[in-house]
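Enquirer: I am sharing input-v5.tsv, which consists of TSV, C-alpha atoms and all ligand atoms:
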chain	number	residue	atom	x	y	z
M	1	MET	CA	-46.16	4.25	3.58
M	2	ILE	CA	-45.55	7.84	2.41
M	3	GLU	CA	-44.63	7.85	-1.23
M	4	SER	CA	-41.46	9.75	-2.00
M	5	ALA	CA	-42.00	12.67	-4.37
M	6	ILE	CA	-39.97	12.82	-7.57
M	7	ALA	CA	-37.54	15.73	-7.57
M	8	THR	CA	-38.59	17.29	-10.84
M	9	SER	CA	-38.87	20.96	-10.10
M	10	THR	CA	-36.25	22.76	-12.13
M	11	VAL	CA	-35.20	26.25	-13.00
M	12	VAL	CA	-34.32	26.61	-16.70
M	13	LEU	CA	-31.32	28.91	-17.00
M	14	PRO	CA	-30.70	31.37	-19.85
M	15	PRO	CA	-29.01	29.67	-22.85
M	16	PRO	CA	-25.35	30.35	-23.65
M	17	GLY	CA	-25.17	33.62	-25.56
M	18	ALA	CA	-28.19	35.11	-23.77
M	19	LEU	CA	-27.95	38.73	-22.67
M	20	LYS	CA	-25.86	39.11	-19.49
M	21	GLU	CA	-25.62	41.81	-16.84
M	22	THR	CA	-22.32	43.02	-18.30
M	23	ASP	CA	-24.04	43.53	-21.69
M	24	ILE	CA	-26.55	46.03	-20.28
M	25	ASP	CA	-25.88	49.62	-21.32
M	26	PRO	CA	-25.32	51.50	-18.03
M	27	GLY	CA	-27.38	54.37	-19.46
M	28	LEU	CA	-30.44	52.16	-20.05
M	29	ASP	CA	-33.61	53.33	-18.29
M	30	LEU	CA	-34.39	50.01	-16.62
M	31	VAL	CA	-37.75	51.11	-15.23
M	32	ALA	CA	-38.93	52.17	-18.69
M	33	GLU	CA	-37.53	49.04	-20.39
M	34	ILE	CA	-39.07	46.69	-17.83
M	35	GLY	CA	-42.37	48.55	-18.27
M	36	ARG	CA	-42.17	48.13	-22.06
M	37	LEU	CA	-41.36	44.39	-21.83
M	38	ARG	CA	-44.09	43.92	-19.24
M	39	ARG	CA	-46.65	45.37	-21.62
M	40	GLU	CA	-45.32	43.51	-24.68
M	41	ARG	CA	-45.35	40.16	-22.91
M	42	ASN	CA	-48.54	40.70	-20.89
M	43	ALA	CA	-46.50	40.10	-17.74
M	44	ILE	CA	-47.29	40.80	-14.10
M	45	ILE	CA	-44.51	41.52	-11.62
M	46	LEU	CA	-45.15	40.18	-8.12
M	47	ALA	CA	-42.82	41.18	-5.27
M	48	HIS	CA	-42.45	40.16	-1.65
M	49	TYR	CA	-42.05	42.87	1.00
M	50	TYR	CA	-38.43	41.77	1.54
M	51	GLN	CA	-37.37	42.95	-1.92
M	52	ASP	CA	-35.36	46.10	-2.50
M	53	GLY	CA	-37.51	49.24	-2.46
M	54	GLU	CA	-36.98	49.88	-6.19
M	55	ILE	CA	-38.30	46.43	-7.06
M	56	GLN	CA	-41.31	46.91	-4.74
M	57	ASP	CA	-42.04	50.25	-6.45
M	58	LEU	CA	-41.87	48.65	-9.88
M	59	ALA	CA	-44.09	45.68	-9.01
M	60	ASP	CA	-47.76	45.35	-9.94
M	61	PHE	CA	-48.45	43.80	-6.57
M	62	VAL	CA	-46.45	43.56	-3.34
M	63	GLY	CA	-47.58	41.19	-0.64
M	64	ASP	CA	-47.01	38.47	1.92
M	65	SER	CA	-46.82	34.82	0.95
M	66	LEU	CA	-50.58	34.21	1.14
M	67	ASP	CA	-51.60	37.29	-0.84
M	68	LEU	CA	-48.91	36.60	-3.45
M	69	SER	CA	-50.14	33.00	-3.83
M	70	ARG	CA	-53.71	34.21	-4.27
M	71	LYS	CA	-52.57	36.77	-6.80
M	72	ALA	CA	-50.52	34.19	-8.75
M	73	ALA	CA	-53.56	31.88	-8.87
M	74	ALA	CA	-55.93	34.61	-10.07
M	75	THR	CA	-53.94	36.68	-12.56
M	76	ASP	CA	-54.83	36.73	-16.26
M	77	ALA	CA	-51.28	37.68	-17.27
M	78	ASP	CA	-49.33	35.33	-19.58
M	79	VAL	CA	-46.08	35.74	-17.69
M	80	ILE	CA	-45.46	36.06	-13.92
M	81	VAL	CA	-42.13	37.58	-12.87
M	82	PHE	CA	-41.84	36.56	-9.23
M	83	CYS	CA	-39.46	38.76	-7.26
M	84	GLY	CA	-38.99	36.82	-4.06
M	85	VAL	CA	-37.33	33.47	-3.51
M	86	ARG	CA	-37.46	30.28	-5.56
M	87	PHE	CA	-40.17	28.47	-3.60
M	88	MET	CA	-42.51	31.43	-4.27
M	89	GLY	CA	-41.94	31.05	-8.01
M	90	GLU	CA	-42.66	27.33	-7.66
M	91	VAL	CA	-45.95	28.09	-5.89
M	92	ALA	CA	-46.92	30.41	-8.75
M	93	LYS	CA	-46.16	27.67	-11.32
M	94	ILE	CA	-48.04	25.03	-9.31
M	95	LEU	CA	-51.11	27.27	-9.13
M	96	SER	CA	-50.87	28.67	-12.68
M	97	PRO	CA	-49.26	25.94	-14.81
M	98	SER	CA	-50.14	27.47	-18.18
M	99	LYS	CA	-48.25	30.67	-17.37
M	100	THR	CA	-44.55	31.32	-17.82
M	101	VAL	CA	-43.05	31.90	-14.37
M	102	LEU	CA	-39.76	33.80	-14.33
M	103	ILE	CA	-37.54	34.45	-11.30
M	104	PRO	CA	-34.73	37.00	-11.42
M	105	ASP	CA	-32.12	34.73	-9.79
M	106	ALA	CA	-32.15	30.93	-9.80
M	107	ASP	CA	-30.03	30.83	-6.63
M	108	ALA	CA	-32.53	32.71	-4.46
M	109	GLY	CA	-33.23	29.91	-1.99
M	110	CYS	CA	-34.33	29.96	1.64
M	111	SER	CA	-32.73	28.56	4.79
M	112	LEU	CA	-36.04	26.98	5.83
M	113	GLU	CA	-36.35	25.19	2.50
M	114	GLU	CA	-32.73	24.01	2.78
M	115	SER	CA	-33.37	22.62	6.28
M	116	CYS	CA	-36.04	20.25	5.00
M	117	ARG	CA	-35.02	17.75	2.32
M	118	ALA	CA	-37.81	15.72	0.77
M	119	ASP	CA	-36.26	12.30	1.56
M	120	THR	CA	-35.73	13.18	5.24
M	121	PHE	CA	-39.20	14.71	5.43
M	122	ALA	CA	-40.70	11.52	3.96
M	123	ARG	CA	-39.02	9.50	6.75
M	124	PHE	CA	-40.28	12.02	9.34
M	125	ARG	CA	-43.81	11.41	8.09
M	126	GLU	CA	-43.31	7.65	8.12
M	127	ARG	CA	-42.39	7.80	11.79
M	128	HIS	CA	-45.71	9.60	12.51
M	129	PRO	CA	-48.21	7.84	10.24
M	130	ASP	CA	-51.33	9.04	12.09
M	131	HIS	CA	-50.30	12.74	12.03
M	132	VAL	CA	-51.62	15.47	9.73
M	133	ALA	CA	-48.60	17.10	8.04
M	134	ILE	CA	-49.02	20.87	8.08
M	135	THR	CA	-46.15	22.48	6.22
M	136	TYR	CA	-45.08	26.10	6.00
M	137	ILE	CA	-45.04	27.39	2.45
M	138	ASN	CA	-41.27	28.05	2.78
M	139	CYS	CA	-40.34	24.60	1.45
M	140	SER	CA	-39.66	22.90	-1.88
M	141	ALA	CA	-42.36	21.63	-4.26
M	142	GLU	CA	-41.23	18.09	-3.36
M	143	VAL	CA	-41.89	18.67	0.35
M	144	LYS	CA	-45.25	20.28	-0.47
M	145	ALA	CA	-46.15	17.14	-2.43
M	146	LEU	CA	-45.53	15.07	0.72
M	147	SER	CA	-47.69	17.34	2.91
M	148	ASP	CA	-51.39	17.40	3.74
M	149	ILE	CA	-51.91	21.16	4.09
M	150	ILE	CA	-49.67	24.15	3.35
M	151	VAL	CA	-49.81	27.23	5.57
M	152	THR	CA	-48.29	30.69	5.60
M	153	SER	CA	-47.62	32.89	8.60
M	154	SER	CA	-50.95	34.64	8.07
M	155	ASN	CA	-53.16	31.53	8.12
M	156	ALA	CA	-51.22	28.91	10.14
M	157	GLU	CA	-53.11	29.56	13.35
M	158	ALA	CA	-56.54	29.64	11.64
M	159	ILE	CA	-55.80	26.37	9.80
M	160	VAL	CA	-54.47	24.52	12.86
M	161	ARG	CA	-57.66	25.52	14.71
M	162	GLN	CA	-59.67	23.71	11.99
M	163	ILE	CA	-57.94	20.35	12.59
M	164	PRO	CA	-60.03	18.06	14.85
M	165	ALA	CA	-58.63	18.04	18.40
M	166	ASP	CA	-57.95	14.29	18.33
M	167	ARG	CA	-55.73	14.46	15.21
M	168	PRO	CA	-52.02	14.83	16.04
M	169	ILE	CA	-50.13	17.36	13.91
M	170	LEU	CA	-46.63	17.51	12.40
M	171	PHE	CA	-45.46	21.05	11.69
M	172	ALA	CA	-42.48	21.72	9.38
M	173	PRO	CA	-40.06	23.26	8.71
M	174	ASP	CA	-40.07	26.39	10.95
M	175	ARG	CA	-39.88	25.44	14.62
M	176	HIS	CA	-40.41	29.04	15.81
M	177	LEU	CA	-43.61	29.58	13.82
M	178	GLY	CA	-44.70	26.08	14.90
M	179	ALA	CA	-44.03	26.83	18.58
M	180	TYR	CA	-45.89	30.15	18.28
M	181	VAL	CA	-48.93	28.44	16.69
M	182	ALA	CA	-48.80	25.73	19.38
M	183	ARG	CA	-48.89	28.39	22.12
M	184	ARG	CA	-51.73	30.28	20.43
M	185	THR	CA	-53.90	27.22	19.81
M	186	GLY	CA	-52.98	25.07	22.82
M	187	ARG	CA	-52.21	22.20	20.37
M	188	ASP	CA	-49.24	19.93	20.88
M	189	LEU	CA	-47.44	20.16	17.52
M	190	THR	CA	-44.54	17.85	16.64
M	191	LEU	CA	-42.01	20.28	15.18
M	192	TRP	CA	-39.39	19.93	12.45
M	193	PRO	CA	-36.18	21.61	13.71
M	194	GLY	CA	-35.80	24.26	10.96
M	195	ALA	CA	-35.37	28.03	11.35
M	196	CYS	CA	-34.95	31.18	9.29
M	197	ILE	CA	-31.37	32.50	9.50
M	198	VAL	CA	-32.70	36.06	9.26
M	199	HIS	CA	-35.24	35.98	12.08
M	200	GLU	CA	-33.02	33.90	14.36
M	201	GLN	CA	-30.36	36.57	14.64
M	202	PHE	CA	-32.36	39.25	16.49
M	203	SER	CA	-31.00	39.77	20.01
M	204	GLU	CA	-33.36	39.62	22.98
M	205	LYS	CA	-30.97	41.77	25.05
M	206	GLU	CA	-30.34	44.40	22.36
M	207	LEU	CA	-34.07	44.60	21.62
M	208	ALA	CA	-34.81	45.29	25.30
M	209	LYS	CA	-32.07	47.97	25.30
M	210	LEU	CA	-33.52	49.64	22.19
M	211	LYS	CA	-36.99	49.62	23.75
M	212	LEU	CA	-35.55	51.35	26.86
M	213	ARG	CA	-34.23	54.11	24.59
M	214	HIS	CA	-37.63	54.32	22.79
M	215	PRO	CA	-40.18	53.58	25.53
M	216	ASP	CA	-43.15	54.65	23.38
M	217	ALA	CA	-42.19	52.42	20.47
M	218	ARG	CA	-44.38	49.39	19.71
M	219	ILE	CA	-42.59	46.18	18.76
M	220	ALA	CA	-43.89	44.38	15.65
M	221	ALA	CA	-42.42	40.90	15.12
M	222	HIS	CA	-42.74	38.10	12.57
M	223	PRO	CA	-43.56	34.65	14.02
M	224	GLU	CA	-40.39	33.22	12.47
M	225	CYS	CA	-38.60	34.99	15.39
M	226	PRO	CA	-37.69	32.91	18.46
M	227	ASP	CA	-39.95	33.19	21.51
M	228	PRO	CA	-37.77	35.63	23.56
M	229	ILE	CA	-38.31	38.18	20.75
M	230	LEU	CA	-42.03	37.41	20.33
M	231	ALA	CA	-42.51	37.71	24.11
M	232	GLN	CA	-41.51	41.39	23.87
M	233	ALA	CA	-43.76	42.13	20.87
M	234	ASP	CA	-46.97	44.18	20.82
M	235	CYS	CA	-47.96	42.62	17.49
M	236	VAL	CA	-46.96	39.27	15.97
M	237	GLY	CA	-47.97	38.55	12.41
M	238	SER	CA	-47.13	37.96	8.78
M	239	THR	CA	-45.39	40.74	6.89
M	240	ARG	CA	-48.74	42.11	5.69
M	241	ALA	CA	-50.23	41.89	9.20
M	242	LEU	CA	-47.26	43.90	10.52
M	243	LEU	CA	-47.74	46.47	7.76
M	244	ASP	CA	-51.45	46.78	8.59
M	245	TYR	CA	-50.61	47.08	12.31
M	246	VAL	CA	-48.17	49.99	11.95
M	247	THR	CA	-50.50	51.71	9.47
M	248	ASN	CA	-53.56	51.54	11.74
M	249	SER	CA	-51.89	52.00	15.15
M	250	ASP	CA	-52.01	55.35	16.96
M	251	ALA	CA	-48.36	54.91	17.97
M	252	ARG	CA	-45.72	56.97	16.15
M	253	GLU	CA	-42.65	54.76	16.68
M	254	PHE	CA	-42.15	51.07	15.92
M	255	ILE	CA	-39.38	48.53	16.26
M	256	ILE	CA	-39.59	46.08	13.38
M	257	ALA	CA	-38.42	42.51	14.08
M	258	THR	CA	-38.49	41.11	10.57
M	259	GLU	CA	-36.49	41.57	7.37
M	260	PRO	CA	-35.95	45.34	7.22
M	261	HIS	CA	-36.89	45.92	3.56
M	262	ILE	CA	-40.54	45.89	4.64
M	263	ILE	CA	-39.84	49.29	6.21
M	264	HIS	CA	-39.90	50.74	2.68
M	265	GLN	CA	-43.59	49.84	2.42
M	266	MET	CA	-44.29	50.95	5.99
M	267	GLU	CA	-42.84	54.38	5.28
M	268	ARG	CA	-45.05	54.63	2.19
M	269	ALA	CA	-48.18	53.52	4.07
M	270	ALA	CA	-47.55	55.54	7.23
M	271	PRO	CA	-45.43	58.59	6.37
M	272	GLY	CA	-44.16	60.52	9.36
M	273	LYS	CA	-43.93	57.49	11.64
M	274	LEU	CA	-40.52	56.23	12.81
M	275	PHE	CA	-39.49	52.64	12.03
M	276	LEU	CA	-36.44	51.17	13.75
M	277	PRO	CA	-35.06	47.81	12.59
M	278	ALA	CA	-34.71	45.35	15.49
M	279	PRO	CA	-31.04	44.89	16.37
M	280	GLY	CA	-28.85	41.80	16.08
M	281	ALA	CA	-26.37	40.62	18.71
M	282	ASP	CA	-23.84	43.35	17.94
M	283	GLY	CA	-26.52	46.03	18.17
M	284	GLY	CA	-26.21	46.64	14.41
M	285	CYS	CA	-29.32	46.82	12.31
M	286	ASN	CA	-28.61	45.73	8.76
M	287	CYS	CA	-27.64	42.17	9.67
M	288	ALA	CA	-31.22	40.99	9.15
M	289	ASP	CA	-31.20	41.46	5.36
M	290	CYS	CA	-32.22	38.17	3.74
M	291	PRO	CA	-29.22	37.17	1.60
M	292	PHE	CA	-31.49	35.19	-0.74
M	293	MET	CA	-33.99	37.98	-1.37
M	294	ALA	CA	-31.04	40.34	-1.91
M	295	LEU	CA	-29.90	38.37	-4.98
M	296	ASN	CA	-32.70	39.94	-7.04
M	297	THR	CA	-31.88	43.22	-8.76
M	298	MET	CA	-33.51	45.50	-11.32
M	299	GLU	CA	-30.98	44.29	-13.91
M	300	LYS	CA	-31.98	40.67	-13.27
M	301	VAL	CA	-35.70	41.49	-13.55
M	302	TYR	CA	-34.96	43.08	-16.93
M	303	LEU	CA	-32.80	40.14	-18.07
M	304	ALA	CA	-35.46	37.61	-17.02
M	305	LEU	CA	-37.99	39.32	-19.30
M	306	VAL	CA	-35.50	39.57	-22.19
M	307	ASN	CA	-34.15	36.01	-21.88
M	308	ASP	CA	-37.36	34.27	-20.78
M	309	ALA	CA	-35.24	32.73	-18.02
M	310	PRO	CA	-34.54	31.78	-15.23
M	311	ARG	CA	-37.86	29.96	-15.72
M	312	VAL	CA	-39.57	27.61	-13.26
M	313	GLU	CA	-40.68	24.27	-14.68
M	314	ILE	CA	-42.39	21.53	-12.68
M	315	ALA	CA	-43.18	18.02	-13.90
M	316	GLU	CA	-46.95	17.53	-14.03
M	317	GLU	CA	-46.93	14.52	-11.66
M	318	LEU	CA	-45.16	16.54	-8.98
M	319	ARG	CA	-47.27	19.63	-9.64
M	320	ILE	CA	-50.53	17.75	-9.15
M	321	LYS	CA	-49.28	16.33	-5.83
M	322	ALA	CA	-48.06	19.73	-4.60
M	323	LEU	CA	-51.25	21.45	-5.77
M	324	LYS	CA	-53.51	19.46	-3.44
M	325	PRO	CA	-52.15	20.78	-0.11
M	326	LEU	CA	-51.91	24.30	-1.59
M	327	GLU	CA	-55.57	24.16	-2.63
M	328	ARG	CA	-56.50	22.97	0.85
M	329	MET	CA	-54.66	26.01	2.21
M	330	LEU	CA	-56.59	28.37	-0.06
M	331	GLU	CA	-59.92	26.74	0.88
M	332	MET	CA	-59.14	26.77	4.60
M	333	SER	CA	-57.99	30.42	4.54
M	334	ALA	CA	-61.26	31.84	3.30
M	335	SER	CA	-61.63	33.66	6.64
M	336	VAL	CA	-58.26	35.42	6.17
M	337	PRO	CA	-59.08	38.54	4.09
M	338	MET	CA	-57.05	39.55	1.03
M	339	SER	CA	-54.94	42.63	1.56
M	340	THR	CA	-56.92	45.79	0.92
M	341	SER	CA	-53.77	47.74	0.13
M	342	ALA	CA	-52.33	47.41	-3.35
M	343	PRO	CA	-48.82	48.76	-3.12
M	344	GLY	CA	-46.61	48.72	-6.16
M	345	GLY	CA	-46.03	50.71	-9.27
M	346	SER	CA	-48.34	51.69	-12.08
M	347	SER	CA	-49.76	48.53	-13.46
M	348	PRO	CA	-51.76	47.02	-16.26
M	349	HIS	CA	-52.81	44.34	-13.74
M	350	ALA	CA	-53.57	46.47	-10.71
M	351	ALA	CA	-54.99	44.57	-7.75
M	401	LIG	P1	-44.78	36.29	4.97
M	401	LIG	O1	-44.58	37.42	4.03
M	401	LIG	O2	-45.85	35.36	4.48
M	401	LIG	O3	-45.04	36.77	6.36
M	401	LIG	O4	-43.43	35.41	4.98
M	401	LIG	C1	-42.21	35.86	5.41
M	401	LIG	C2	-41.06	35.17	4.80
M	401	LIG	O5	-40.12	34.83	5.42
M	401	LIG	C3	-41.03	34.92	3.39
M	401	LIG	O6	-39.90	34.24	3.11
M	402	LIG	FE1	-36.20	32.18	3.92
M	402	LIG	FE2	-35.85	33.68	6.08
M	402	LIG	FE3	-35.16	34.66	3.70
M	402	LIG	FE4	-37.77	34.34	4.31
M	402	LIG	S1	-36.31	35.74	5.28
M	402	LIG	S2	-36.73	33.75	2.40
M	402	LIG	S3	-37.67	32.50	5.60
M	402	LIG	S4	-34.22	32.88	4.72
Can you turn what I pasted into structure tokens?
Ligand code: 13P
Ligand code: SF4

Expert:
Amino acid sequence: MIESAIATSTVVLPPPGALKETDIDPGLDLVAEIGRLRRERNAIILAHYYQDGEIQDLADFVGDSLDLSRKAAATDADVIVFCGVRFMGEVAKILSPSKTVLIPDADAGCSLEESCRADTFARFRERHPDHVAITYINCSAEVKALSDIIVTSSNAEAIVRQIPADRPILFAPDRHLGAYVARRTGRDLTLWPGACIVHEQFSEKELAKLKLRHPDARIAAHPECPDPILAQADCVGSTRALLDYVTNSDAREFIIATEPHIIHQMERAAPGKLFLPAPGADGGCNCADCPFMALNTMEKVYLALVNDAPRVEIAEELRIKALKPLERMLEMSASVPMSTSAPGGSSPHAA
């Protein structure tokens, strides 16, 4: 019997009367003010590659989900401002419970997390009692607490390869990443039917048409994309793996099949190369912006530091349960190197 986790992960909102966006003086130098508050509060700003370029430039560290988790676990800052989506802030709090974890917008969710409710996931596990539950980090703390091992896109394949061949595996919640890992490892994974709304909208036909117009371009795709997109790709990997690929490749042109804000970092790392966002069904290219990541703004980063909220809080019982599969992930990913690049702004906590 799989015990149901208690839903006690909360985001504490700013109190009534706290500073609001409309109170901010339009002439305020937000970069300078955030820098001042960061120093005063001994805070570190972590940002995912899908954040707006100005937030990436301000951050102490920019990374993929695995590197950001490692950074959150290792930092000596008192406060972590996590510019990403809510589950990333939860991971930081689970790994660093004594730190204050702030997120710029409490509503920054994730379609994968939404697709996988803890009560339904508990029943899914009950139907497969002999299976190891390997769960993508894009899920709630409650679902993590019901899982055996957490993975990210950069270590999923390496971790699945470490599971004994006779142990059946459940993989949730991203069916595309799960199917990709199943193909790579030859393992028969039982998949949860979730998907990322951003990566699902790339068009196989429009991508092939763009490649015809740019025959020398290499296609770099995230494994959250469906197979017809991955089948056209020269490189499939986590956001950081895609960044490393375009930086180190001899090619000069790339089509990027993931959330397009990562192109900001690619242009910094590989100036002079051309990066084309993969097209959606209408051939347009800005339809792949993640609406959740886009909720974070410079103003909200500033307000989070001023108001000490939105702040992630997790009940200790739930945190301990969710920590176990996250620790297994960190142990089992020892072979996956930490990013050698340390993008981000000037920092008192440089990588
Ligand atoms: P990675 O940065 O780990 O590749 O994850 C992508 C993603 O969708 C985060 O929400
Ligand atoms: Fe979730 Fe997709 Fe946005 Fe990542 S890009 S946060 S998986 S909705």

Enquirer: Could you pull the residues within 7 Å of Gly63 of chain M, counting all atoms listed in the file, minus those fewer than 5 positions along the same chain, as a PyMOL selection string?

Expert: chain M and resi 47-49+68+240

Enquirer: Which one is closest to ligand LIG 401 (chain M): M:Phe61, M:Phe121, M:Tyr136, M:Phe275? Count all atoms listed in the file.

Expert: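 Nearest to ligand LIG 401 (chain M): M:Tyr136.
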
Enquirer: Just want the residues within 10 Å of ligand LIG 401 (chain M), written as a count of residues only, counting all atoms listed in the file.

Expert: 49

Enquirer: Which residue, M:Ala141, M:Met266, M:Cys83, M:Ala179, has the smallest gap to ligand LIG 402 (chain M) when you use all atoms listed in the file?

Expert: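 Distance minimum relative to ligand LIG 402 (chain M) lands on M:Cys83.
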
Enquirer: Mind checking which residues fall within 12 Å of Glu267 of chain M, counting only C-alpha atoms, ignoring those fewer than 2 positions away in the same chain, and posting them as an mmCIF file with C-alpha atoms, in the coordinates of the input?

Expert:
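Listed below is the output, around-v3.cif:
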data_model
loop_
_atom_site.group_PDB
_atom_site.id
_atom_site.type_symbol
_atom_site.label_atom_id
_atom_site.label_comp_id
_atom_site.auth_asym_id
_atom_site.auth_seq_id
_atom_site.Cartn_x
_atom_site.Cartn_y
_atom_site.Cartn_z
ATOM 1 C CA GLY M 53 -37.510 49.240 -2.460
ATOM 2 C CA LEU M 243 -47.740 46.470 7.760
ATOM 3 C CA ASP M 244 -51.450 46.780 8.590
ATOM 4 C CA VAL M 246 -48.170 49.990 11.950
ATOM 5 C CA THR M 247 -50.500 51.710 9.470
ATOM 6 C CA ARG M 252 -45.720 56.970 16.150
ATOM 7 C CA GLU M 253 -42.650 54.760 16.680
ATOM 8 C CA PHE M 254 -42.150 51.070 15.920
ATOM 9 C CA PRO M 260 -35.950 45.340 7.220
ATOM 10 C CA HIS M 261 -36.890 45.920 3.560
ATOM 11 C CA ILE M 262 -40.540 45.890 4.640
ATOM 12 C CA ILE M 263 -39.840 49.290 6.210
ATOM 13 C CA HIS M 264 -39.900 50.740 2.680
ATOM 14 C CA GLN M 265 -43.590 49.840 2.420
ATOM 15 C CA ALA M 269 -48.180 53.520 4.070
ATOM 16 C CA ALA M 270 -47.550 55.540 7.230
ATOM 17 C CA PRO M 271 -45.430 58.590 6.370
ATOM 18 C CA GLY M 272 -44.160 60.520 9.360
ATOM 19 C CA LYS M 273 -43.930 57.490 11.640
ATOM 20 C CA LEU M 274 -40.520 56.230 12.810
ATOM 21 C CA PHE M 275 -39.490 52.640 12.030
ATOM 22 C CA LEU M 276 -36.440 51.170 13.750
ATOM 23 C CA PRO M 343 -48.820 48.760 -3.120
#

Enquirer: Identify, on the basis of all atoms listed in the file, every residue whose closest approach to Ser203 of chain M does not exceed 12 Å; exclude the query and any residue fewer than 2 positions from it along the same chain; express the result as a tab-separated table (two decimals) with C-alpha atoms, keeping the file's coordinate frame.

Expert:
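Saved the output as around.tsv:
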chain	number	residue	atom	x	y	z
M	198	VAL	CA	-32.70	36.06	9.26
M	199	HIS	CA	-35.24	35.98	12.08
M	200	GLU	CA	-33.02	33.90	14.36
M	201	GLN	CA	-30.36	36.57	14.64
M	205	LYS	CA	-30.97	41.77	25.05
M	206	GLU	CA	-30.34	44.40	22.36
M	207	LEU	CA	-34.07	44.60	21.62
M	208	ALA	CA	-34.81	45.29	25.30
M	209	LYS	CA	-32.07	47.97	25.30
M	210	LEU	CA	-33.52	49.64	22.19
M	225	CYS	CA	-38.60	34.99	15.39
M	226	PRO	CA	-37.69	32.91	18.46
M	227	ASP	CA	-39.95	33.19	21.51
M	228	PRO	CA	-37.77	35.63	23.56
M	229	ILE	CA	-38.31	38.18	20.75
M	230	LEU	CA	-42.03	37.41	20.33
M	232	GLN	CA	-41.51	41.39	23.87
M	257	ALA	CA	-38.42	42.51	14.08
M	277	PRO	CA	-35.06	47.81	12.59
M	278	ALA	CA	-34.71	45.35	15.49
M	279	PRO	CA	-31.04	44.89	16.37
M	280	GLY	CA	-28.85	41.80	16.08
M	281	ALA	CA	-26.37	40.62	18.71
M	282	ASP	CA	-23.84	43.35	17.94
M	283	GLY	CA	-26.52	46.03	18.17
M	284	GLY	CA	-26.21	46.64	14.41
M	285	CYS	CA	-29.32	46.82	12.31
M	287	CYS	CA	-27.64	42.17	9.67
M	288	ALA	CA	-31.22	40.99	9.15

Enquirer: Mind pulling up the distance from atom CA of Val79 of chain M to atom CA of Ser98 of chain M?

Expert: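 Taking atom CA of Ser98 of chain M as the start and atom CA of Val79 of chain M as the end point, the length is 9.2 Å.
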
Enquirer: Atom CA of Ala294 of chain M to atom CA of Leu177 of chain M: how many Å, to one decimal?

Expert: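 A separation of 22.8 Å between them.
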
Enquirer: Determine the nearest neighbour of ligand LIG 402 (chain M) from the options M:Thr120, M:Ser147, M:Ser140, M:Thr190, counting only C-alpha atoms and all ligand atoms.

Expert: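 Among M:Thr120, M:Ser147, M:Ser140, M:Thr190, it is M:Ser140 that comes nearest to ligand LIG 402 (chain M).
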
Enquirer: Which of these residues is nearest to Asp119 of chain M, using all atoms listed in the file: M:Val160, M:Ile94, M:Val101, M:Glu142?

Expert: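 Once distances to Asp119 of chain M are computed over all atoms listed in the file, the minimum belongs to M:Glu142.
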
Enquirer: To one decimal place, how far is atom CA of Leu28 of chain M from atom CA of Val306 of chain M in Å?

Expert: 13.7 Å

Enquirer: If we count only C-alpha atoms, what is near Ala106 of chain M at a cut-off of 8 Å, once residues fewer than 4 positions away on the same chain are taken out, given as a VMD selection string?

Expert: chain M and resid 11 13 86 310
